[in-house]
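Undergrad: Dumping the structure here so I can ask a few things about it.
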Amino acid sequence: MKKQLIFKLIGLFVIGQFLGSCKKDITPIYQAPNTNLKINWTHSIDGVPLTMDTIMYVNQSGSNYSVTRCQYYLSGFELTKLDGSKTKLEGIVYGDARQETHEIKFNGFPAGTYTGIEFLIGLAPEQNISNSLESTEGNINMAWPDVIGGGYHFLKFEGYYLDTANLKKGFTMHIGTNDMLIHHQKISFSFTVNENENSTINLNMNLNEWFKNPYTYNFNTDGNYTMAIPTLMTLLKNNGSDVFSIKE
Amino acid sequence: MEAMYLALKNKTILLGLMVLLAASCKKNETQQTEKTYPTPYSLTIPKGFPQPVLYADNPLTEEGILLGKMLYGDSILSTNGRACISCHQPALSFSSPMYHSWNGFHYSVPPHINLAFKKAYNWDGSQGCLDTLAMGDFAPEFFNANYDGLVQKLKAHPIYPSLFNKAFGVIDLNQLSYTELKRDIAYSIGQYLRTKISSNSKFDQYRRKEVLLDNNEYEGYVIFFSEKGDCFHCHGEPLFSDQEYHNNGLGDTYIGYDQGRTMVTNKEEDLGKFYTPTLRNIEQTAPYMHDGRLKTLEEVVEFYNSGVKDEVHVDPLMTKTNGTKNLNLTPLEKMQLVAFLRTLTDKTYSTY
C-alpha cells in the first residue's frame with residue numbers, strides 16, 4: 001500500500017514538473033464574471049431572407065432594386081439594465097451581407113437582467129482613424145481616404161434599380177465621416193445573462209429600412225449616389241437608426 | 001486483489017500521461033540526422049499590407065526560392081526557347097509590351113507585383129492558387145514541354161539536381177512522375193514570386209513622409225482618392241486593388257475573354273467583370289486592361305473620363321456624382337491624374 005502511494009506521489013511530482021515547464025507563462029489574473037454573450041444577426045428585406053444580385057425587392061418609394069453589396073461596422077454595444085444603467089461591451093465587428101454568418105461575442109461583463117441593447121453603425125470618432133483597425137481585407141476596403149477626411153466607411157450599400165424609364169441603373173449609398181455616425185435606437189426586450197451560461201441574441205437587419213422612416217428615399221429624385229453629398233448621407237443616417245430588430 | 005488491480009491501472013494511466021506530456025514538450029527536437037532540411041524563409045510584410053496567402057504544403061524556404069528564381073528565368077523548361085521571362089519581362093515589372101494572342105483573343109500579360117497577397121490569379125481569377133499556377137505553362141501553346149527531355153536536361157544541369165534535393169528532398173529526378181515534377185517546379189516558382197513585394201514607390205515614400213509630391217502629382221492624388229476621380233473604391237491602398245471583381249464599363253458586347261468572370265462562374269451577373277488589377281508600377285506595364293486595348297495611361301484616364309459604357313452590367317460604382325458615368329475632368333486634371341499614377345512606380349523593384 002505504502003509503496004503504491006510513494007509511486008503515485010513521485011508520478012504526480014514528475015507530472016507537476018512537466019506541467020510547470022509547459023505552462024510557464026500563465027500567471028493568475030483578475031477573475032471577471034464568467035458571462036458569455038453571442039450576438040448573431042441576419043439580413044432580410046421585409047421579412048424575406050436577403051438574396052444578393054437579383055432585382056427582386058421594392059423599396060418604400062416604389063423602386064425595384066437588387067443588392068450587390070452591404071458592408072458596415074457595428075460597435076459601441078451597450079446593454080441597458082433594469083434600473084436604466086448601461087453596461088458597455090467593447091468591440092467592433094465588420095458586417096458583410098454576402099457572408100453566411102454574422103456574430104460578435106462578449107464576455108466578462110456583469111450578469112443580470114437586461115431590458116435592451118443599443119449600438120453604433122459605424123465607428124466612434126476615437127476609432128474612426130485611418131489604419132487604426134487590423135489590415136484585413138474587409139477593413140482595407142472600408143478605408144475612407146485621408147484626402148476626404150480619413151477613417152473608415154460606416155456603410156457601403158450598393159446595387160441596381162430600375163429607373164422611371166425601367167432602365168437598370170446602379171446605386172451606391174455610402175456613409176462615412178464622424179458627423180454621420182448612426183446611433184441605433186435601443187432594441188427593447190427582456191433577457192437575463194447568467195454566469196457560466198452561454199447567452200445568445202438574434203438580430204436582423206431589414207435593408208428596406210434604409211429607405212424609409214422617417215424619410216422615404218427615392219433613387220430617381222433624391223439621387224443614386226451619396227458620396228460627398230452630406231445631405232443625402234444624413235437622410236440615410238436618420239433612416240438607419242432602426243434597421244435592426246430582434247429576431248424571434 | 002481488486003484494489004491491486006485498480007492501483008496498477010492508475011499507475012499505467014499516470015505513466016501514459018507522463019509520456020504524453022514529455023512528447024508535447026519536446027515537439028521541436030529532430031529525430032533523424034541524415035536528412036537535411038531546407039532553410040525556412042519568412043516574408044517581410046510592409047506596414048498596412050494584409051497577411052500573405054501561404055499554404056502549409058509549400059512553406060517558403062531559401063532553397064525553394066532560389067530554385068524557383070532560376071527556373072523562372074530559364075528556357076530549360078520549354079522546347080521552344082521560351083522562359084517565363086519571355087513574356088513576364090523583369091524590367092517591366094514582369095509584364096510585356098505586347099499582348100498575348102491565344103484562341104483568337106488578346107491577353108495582356110499581367111505584371112508580378114505583390115502576388116503573395118492576391119486572392120486569385122489571371123484577369124478573370126480563374127486560378128485560385130499561386131503554387132500550382134505555373135503547372136499550366138507546360139502546355140503545348142506555352143512551353144510545349146515534354147517529360148523525358150525535361151528530366152534529362154535538369155539532371156544534366158550542374159546545380160538543379162542538388163537544389164531539387166535541398167528544396168524538396170528529391171534524391172533522383174527520375175523518380176518523380178511528370179505531375180510531381182511540374183508540381184515541384186511550380187511550387188518553387190510560387191515561392192519565388194511571393195518574394196516579389198513592392199512598397200517603395202514615390203507615393204509610398206510620400207505616405208511615409210520621406211518625400212513630397214509635386215503640385216500636379218498631389219492634385220492627381222486628391223482626384224484619385226476623392227469622388228472627383230473616384231478610383232479608390234476599387235484601386236485603394238495599399239495593394240491598389242480591392243481584390244474583387246468589377247465590370248468597369250469597357251464594353252457593351254461580351255464575346256470570348258470579354259465575358260470575364262462569367263467564364264469561371266457561369267453567372268450572368270458576372271459578365272464583363274475582372275479582378276481589379278493593381279496600379280503599382282502601372283507606367284511600366286502597358287498595354288492596359290485584360291486585352292491590352294489601351295496603350296497609354298492618358299488613354300486609360302480618357303476612358304474613365306468619357307468612355308465608360310452605359311450598359312446594364314457595369315458596376316454601380318461606375319455611376320458618378322452627376323448620375324452619369326463620366327467624370328468631366330478638365331485637361332489639366334487628366335494630366336494630374338496621370339502624374340499621380342506615375343508616382344506608383346517603385347524604381348527599386350524591377351530587379352529579377
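In the C-alpha cells, chains take the letters A, B, ... in the order shown, each chain's residues start at 1, and ligands count up from 1 in the order shown.
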Mind checking DSSP for stretch 10-249 of chain B and telling me the alpha helix (DSSP H) residues as a PyMOL selection string?

TA: chain B and resi 10-25+62-72+84-87+130-133+147-156+160-168+178-194+202-207+215-224

Undergrad: As a list in words, please: the residues near A:Leu89 (cut-off 9 Å, only C-alpha atoms, same-chain neighbours under 4 positions excluded).

TA: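 In the requested format, the answer is Ser75, Gly76, Phe77, Glu78, Leu79, Phe106, Asn107 and Phe109 of chain A.
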
Undergrad: Would you compute the distance between atom CA of B:His106 and atom CA of B:Thr296? Give it in Å to one decimal.

TA: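 Atom CA of B:Thr296 lies 16.8 Å from atom CA of B:His106.
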
Undergrad: Contacts of stretch 176-186 of chain B at 10 Å or less, counting only C-alpha atoms, minus same-chain residues fewer than 3 places along, as a PyMOL selection string?

TA: chain B and resi 58+64+67-68+71-72+77+130-138+146-148+150-151+164+167-168+170-173+189-192

Undergrad: Could you name the residues that touch stretch 189-197 of chain A at 6 Å or less, counting only C-alpha atoms, but leaving out those on the same chain fewer than 2 positions away, as a compact mmCIF listing (two decimals) with C-alpha atoms, in the first residue's frame?

TA:
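Written file, result_10.txt:
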```txt
# COMPACT_ATOMS: atom_id res chain seq x y z
CA ASN A 34 -17.90 34.22 -16.42
CA THR A 35 -20.62 35.64 -18.63
CA ALA A 111 -24.65 39.05 -15.06
CA GLY A 112 -28.21 40.23 -14.64
CA THR A 113 -31.46 41.03 -16.33
CA TYR A 114 -31.31 43.50 -19.18
CA THR A 115 -34.06 45.36 -20.98
CA GLY A 116 -32.44 46.07 -24.31
```
